[in-house]
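Input: a single structure, listed below in structure tokens.
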Amino acid sequence: MNHVRIKLTIGAIALAVSVALLAFAGVRQGLVYFLPVDEFLADTSRHNDRVRLHGTVSDANFEANPSLLSAHFDLLGEAGGRIRVRYAGVLPDMFKAGNDVVVEGRLAEDGEFSADTLMTKCASKYESTDGQAPHADPRTAQGAQR
Amino acid sequence: MMSSIGEYSISLAVLTSVTGVFAALASARFASPGWLAAARWSICVTAAAFTSASVALALSFLRDDFSIAYVASYSERAMDLGYKIAAVWAGQEGSLLLWAWMLAILCTIAVIQCRKLKGTDAATTVGVLAAVCGFFAALLLFAANPFAATVDVIPNDGRGLNPQLQNPGMVLHPPLLFMGYAACAIPFAVLVGALVAARRDNHWLGPIRRWLLVAWLFLTAGILLGAWWAYVELGWGGYWAWDPVENASLLPWLTATALLHSIMVQQHRGMFKRWNACLLAATFILCIFGTYLTRSGVISSVHTFAPSLIGSFFLVFIIILCAGSAGLIGLRFRSLAPERRLEGVVSREGAFLLGNVVLTIIMLVVLIGTTFPILSGVVLAEPVTVKAEFYNRVVGPIAILLVGVMALAPVLFFGKTAASKIGRSLIVPGILAALVTGVCAAFGILSLWALVCIAIASIGTFAVIDNFVRSLWARRKSTGENWITAAMLLIDRNHRRYGGQLAHLGTMMIVVGIVGSSLYNSERIFQLRIGELAQLGDYSLTLQSLDEVNGGNYVAVQATVELREPDGTVSVLTPQKRLYNKWQDEFNTEVALRSTLRDDIYVVLAGWEAGGEVLAIQALVNPLVLWIWLGGFVMVGGCLFSLLPRLWPAGARATQPALPVPVRRQPEVALHPAIPQSAALPEVTT
């Protein structure tokens with residue numbers, strides 16, 4: 001082991017440790033479970049966590065008020081699950097009944113899902129015939145709301 | 001008619017590229033220049049075939065030929081000419097055709113450039129290029145045919161282009177990005193050629209570096225244009241959301257940036273050979289992987305993960321590329337041994353090593369984050385997604401370290417440099433940077449992150465200026481030229497050095513822009529009646545009216561907002577919500593933007609109550625965003641400059657008034673003893 005090698009080894013260890021610490025902090029802050037409505041309803045273990053739910057906005061009981069920046073709607077799962085969602089914030093352009101959305105928040109005590117982030121997934125019309133999304137859609141899914 | 005021309009052209013491209021592969025193989029096997037020429041010609045014909053297919057598709061768009069399903073899905077009669085052309089690459093099939101076309105054109109340029117070369121390495125390079133073209137041709141023919149006919153009745157009008165894509169950014173962003181992706185294929189092919197032929201010399205690094213610079217130029221421009229498009233079009237006030245599509249373009253950019261630096265160490269010092277080979281292979285594979293991520297719908301449809309034919313094509317190709325590169329590098333592992341060891345940690349190669357490691361770590365973080373929904377779905381059977389916070393927290397600090405290393409670039413030299421010498425050349429930049437940071441702190445910037453970034457950016461900027469002034473001083477002293485001549489000749493003799501430093505300055509500007517806009521932005525949402533006034537920081541907004549505006553293929557609800565600045569200047573902003581004729585069921589936000597070097601005022605019409613009495617206006621103050629776009633121009637300019645050949649030939653000085661003691665090109669030698677003189681010369685020939 002010459003001098004340079006020792007320095008390099010120390011540097012590498014320092015870098016590895018700091019990256020590991022950063023990754024740990026990032027994982028604690030930046031990871032969130034991503035569940036379909038049905039799974040969330042079936043499994044109570046996530047009912048106290050902050051989660052992202054994915055489902056379709058129901059036509060029935062749909063209330064959206066863009067000027068008051070709020071929406072109240074039912075989110076449907078593929079297997080028929082249903083959860084009431086209340087959301088406060090700017091409504092994305094593609095948010096409307098019948099579209100797929102992702103909401104982030106947690107289950108409130110009154111049994112409604114209280115969301116502070118609402119992201120629209122690509123509407124079926126945007127997809128090409130074989131079910132693949134054109135260029136912009138994945139961006140929009142994230143970009144609609146911070 | 002057009003569709004058969006297109007389909008025949010793609011079939012022809014499959015044939016010619018396969019011919020090219022076999023001709024190249026034959027040339028390598030029989031050491032035959034004739035076969036190599038045949039392989040080159042087949043690449044040229046492939047390019048011609050892709051050109052004719054692309055032109056056919058573009059003409060179908062211009063002629064509103066809705067008998068082609070792709071045209072019917074992405075175009076409409078009422079659209080502007082420019083957007084009709086942009087619609088060619090709005091969808092999956094067309095964008096893959098564009099990719100293939102750009103690739104074939106660049107391959108043709110490359111094979112024409114190296115037409116004099118022969119031998120196993122040239123044959124292998126041409127063969128690899130033909131194989132990559134062949135992959136895309138086969139993909140277009142079997143899995144993503146843009147000329148497929150409309151299934152049912154031919155519609156009278158098309159479905160129209162997604163309103164979010166009807167933006168000038170969209171016209172240029174994909175071609176730039178695909179050009180960058182495609183350009184990465186050429187250095188990769190040159191590498192494979194050099195590895196197969198077990199070349200021990202360094203001459204093949206020149207073309208690799210130049211093509212990599214070309215790729216980097218287009219990738220940088222493409223990524224920044226994409227960010228700009230997201231900023232002005234998506235209406236959420238930011239420019240980077242760590243979205244899979246954005247990440248996919250960032251991944252090869254990160255490895256290409258690392259490689260651009262470490263390849264210099266290989267050229268000058270014969271080190272990092274194995275690392276560079278891995279990095280170059282990774283860059284190209286990431287380009288293909290990025291296309292796979294964004295084009296096969298893996299990420300956007302996590303829940304309905306149905307392996308599409310396109311996806312399988314890409315997966316097989318990626319596996320072949322990975323296994324092939326790994327095998328080849330393993331086979332040549334001994335001949336890629338470094339010619340010397342690292343002599344000192346505090347040296348240019350030491351800094352390049354650290355920069356490379358940091359860039360690779362960032363790449364891995366982004367790669368893992370992007371594929372996390374898939375990975376966690378497979379491993380944990382429970383999909384977990386990664387939010388933007390994850391990237392910001394992990395990548396942010398590492399990126400600051402990277403910029404810190406970059407700031408020291410002008411004062412580091414190859415080989416052993418005494419730390420005290422570096423310390424001395426940092427005195428002036430250090431003092432100036434401390435002053436700037438102090439002034440910023442005095443003006444109320446107290447966030448630690450911001451101050452660290454300001455200190456780093458200003459030390460880097462001042463180091464570049466200080467270093468330039470010293471070199472200029474030395475040159476003037478030794479040649480007796482006047483300031484302007486000395487400066488121009490100094491820069492012109494060192495395109496690589498000053499091009500690189502210009503790119504670094506651009507990066508500093510972007511850092512300043514990112515820090516300003518992410519730490520000091522503010523957002524307010526107002527509910528206003530017409531005539532009401534709202535206060536946004538130092539600015540006041542007055543809602544003047546709400547009108548209906550008629551565009552070509554849309555109707556818009558437009559709010560007129562008067563913006564009054566602290567100094568009394570008044571400007572009018574008109575955020576809109578557009579309803580495109582072909583997309584009647586959803587509104588499309590059109591952002592109104594007032595942009596200055598100081599800050600952007602970003603106004604979005606969020607919604608209105610039924611009668612249009614009360615409006616919700618979302619307003620953001622984003623400081624320094626313009627610096628990001630300007631920094632992008634500087635970065636691209638620096639890259640372009642280092643690609644340019646020397647502008648004044650060496651003899652140009654003869655036209656200057658006679659000088660008493662014409663000592664030539666001493667200063668560079670005196671200032672940078674470790675750089676061989678040839679390094680200062682830009683390479684002109686291949």
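Identifiers for the structure tokens are assigned positionally: chains receive A, B, ... in sequence, residues are indexed from 1 per chain, and ligands are indexed from 1 in the order shown.
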With only C-alpha atoms as the counted atoms, please give the residues lying no more than 9 Å from B:Thr596, apart from itself and same-chain residues fewer than 2 positions off, as a PyMOL selection string.
chain B and resi 594+598-601+623-626
With N, CA and C atoms kept, could you save the residues just selected as an mmCIF file, in the first residue's frame?
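File produced: part-v3.cif:
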data_model
loop_
_atom_site.group_PDB
_atom_site.id
_atom_site.type_symbol
_atom_site.label_atom_id
_atom_site.label_comp_id
_atom_site.auth_asym_id
_atom_site.auth_seq_id
_atom_site.Cartn_x
_atom_site.Cartn_y
_atom_site.Cartn_z
ATOM 1 N N ARG B 594 -43.557 36.021 -17.256
ATOM 2 C CA ARG B 594 -42.767 37.246 -17.405
ATOM 3 C C ARG B 594 -41.388 36.904 -16.877
ATOM 4 N N ARG B 598 -33.652 38.392 -13.082
ATOM 5 C CA ARG B 598 -33.883 38.366 -11.648
ATOM 6 C C ARG B 598 -34.872 37.273 -11.255
ATOM 7 N N ASP B 599 -36.029 37.274 -11.876
ATOM 8 C CA ASP B 599 -36.996 36.222 -11.562
ATOM 9 C C ASP B 599 -38.049 36.076 -12.661
ATOM 10 N N ASP B 600 -38.748 34.976 -12.576
ATOM 11 C CA ASP B 600 -39.876 34.713 -13.471
ATOM 12 C C ASP B 600 -41.160 34.882 -12.680
ATOM 13 N N ILE B 601 -42.134 35.559 -13.292
ATOM 14 C CA ILE B 601 -43.478 35.545 -12.718
ATOM 15 C C ILE B 601 -44.279 34.592 -13.585
ATOM 16 N N PRO B 623 -37.239 32.657 -8.854
ATOM 17 C CA PRO B 623 -36.046 33.461 -9.113
ATOM 18 C C PRO B 623 -35.027 32.736 -10.005
ATOM 19 N N LEU B 624 -34.377 33.497 -10.841
ATOM 20 C CA LEU B 624 -33.176 33.062 -11.578
ATOM 21 C C LEU B 624 -33.385 31.912 -12.565
ATOM 22 N N VAL B 625 -34.625 31.608 -12.933
ATOM 23 C CA VAL B 625 -34.832 30.478 -13.849
ATOM 24 C C VAL B 625 -34.165 30.747 -15.205
ATOM 25 N N LEU B 626 -34.181 32.008 -15.630
ATOM 26 C CA LEU B 626 -33.607 32.342 -16.931
ATOM 27 C C LEU B 626 -32.137 31.929 -17.012
#
Contact residues around A:Lys7 with only C-alpha atoms at 12 Å, ignoring same-chain residues under 5 positions, as a ChimeraX atom specification
/A:1-2,12-14 /B:342-346,350
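Those residues that approach A:Phe24 to within 12 Å, counting only C-alpha atoms, are Val17, Ser18, Gly30 and Leu31 of chain A; Val365, Phe390, Tyr391, Arg393 and Val394 of chain B; same-chain residues fewer than 6 positions away are not listed.
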Backbone DSSP call of alpha helix (DSSP H) for stretch 44-219 of chain B, listed as a VMD selection string:
chain B and resid 44 to 62 69 to 74 81 to 86 92 to 113 120 to 142 168 to 183 185 to 196 205 to 219
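Each of B:Ala56, B:Cys44, B:Val464, B:Val570 was compared to B:Arg115 using only C-alpha atoms, and B:Cys44 turns out to be the nearest.
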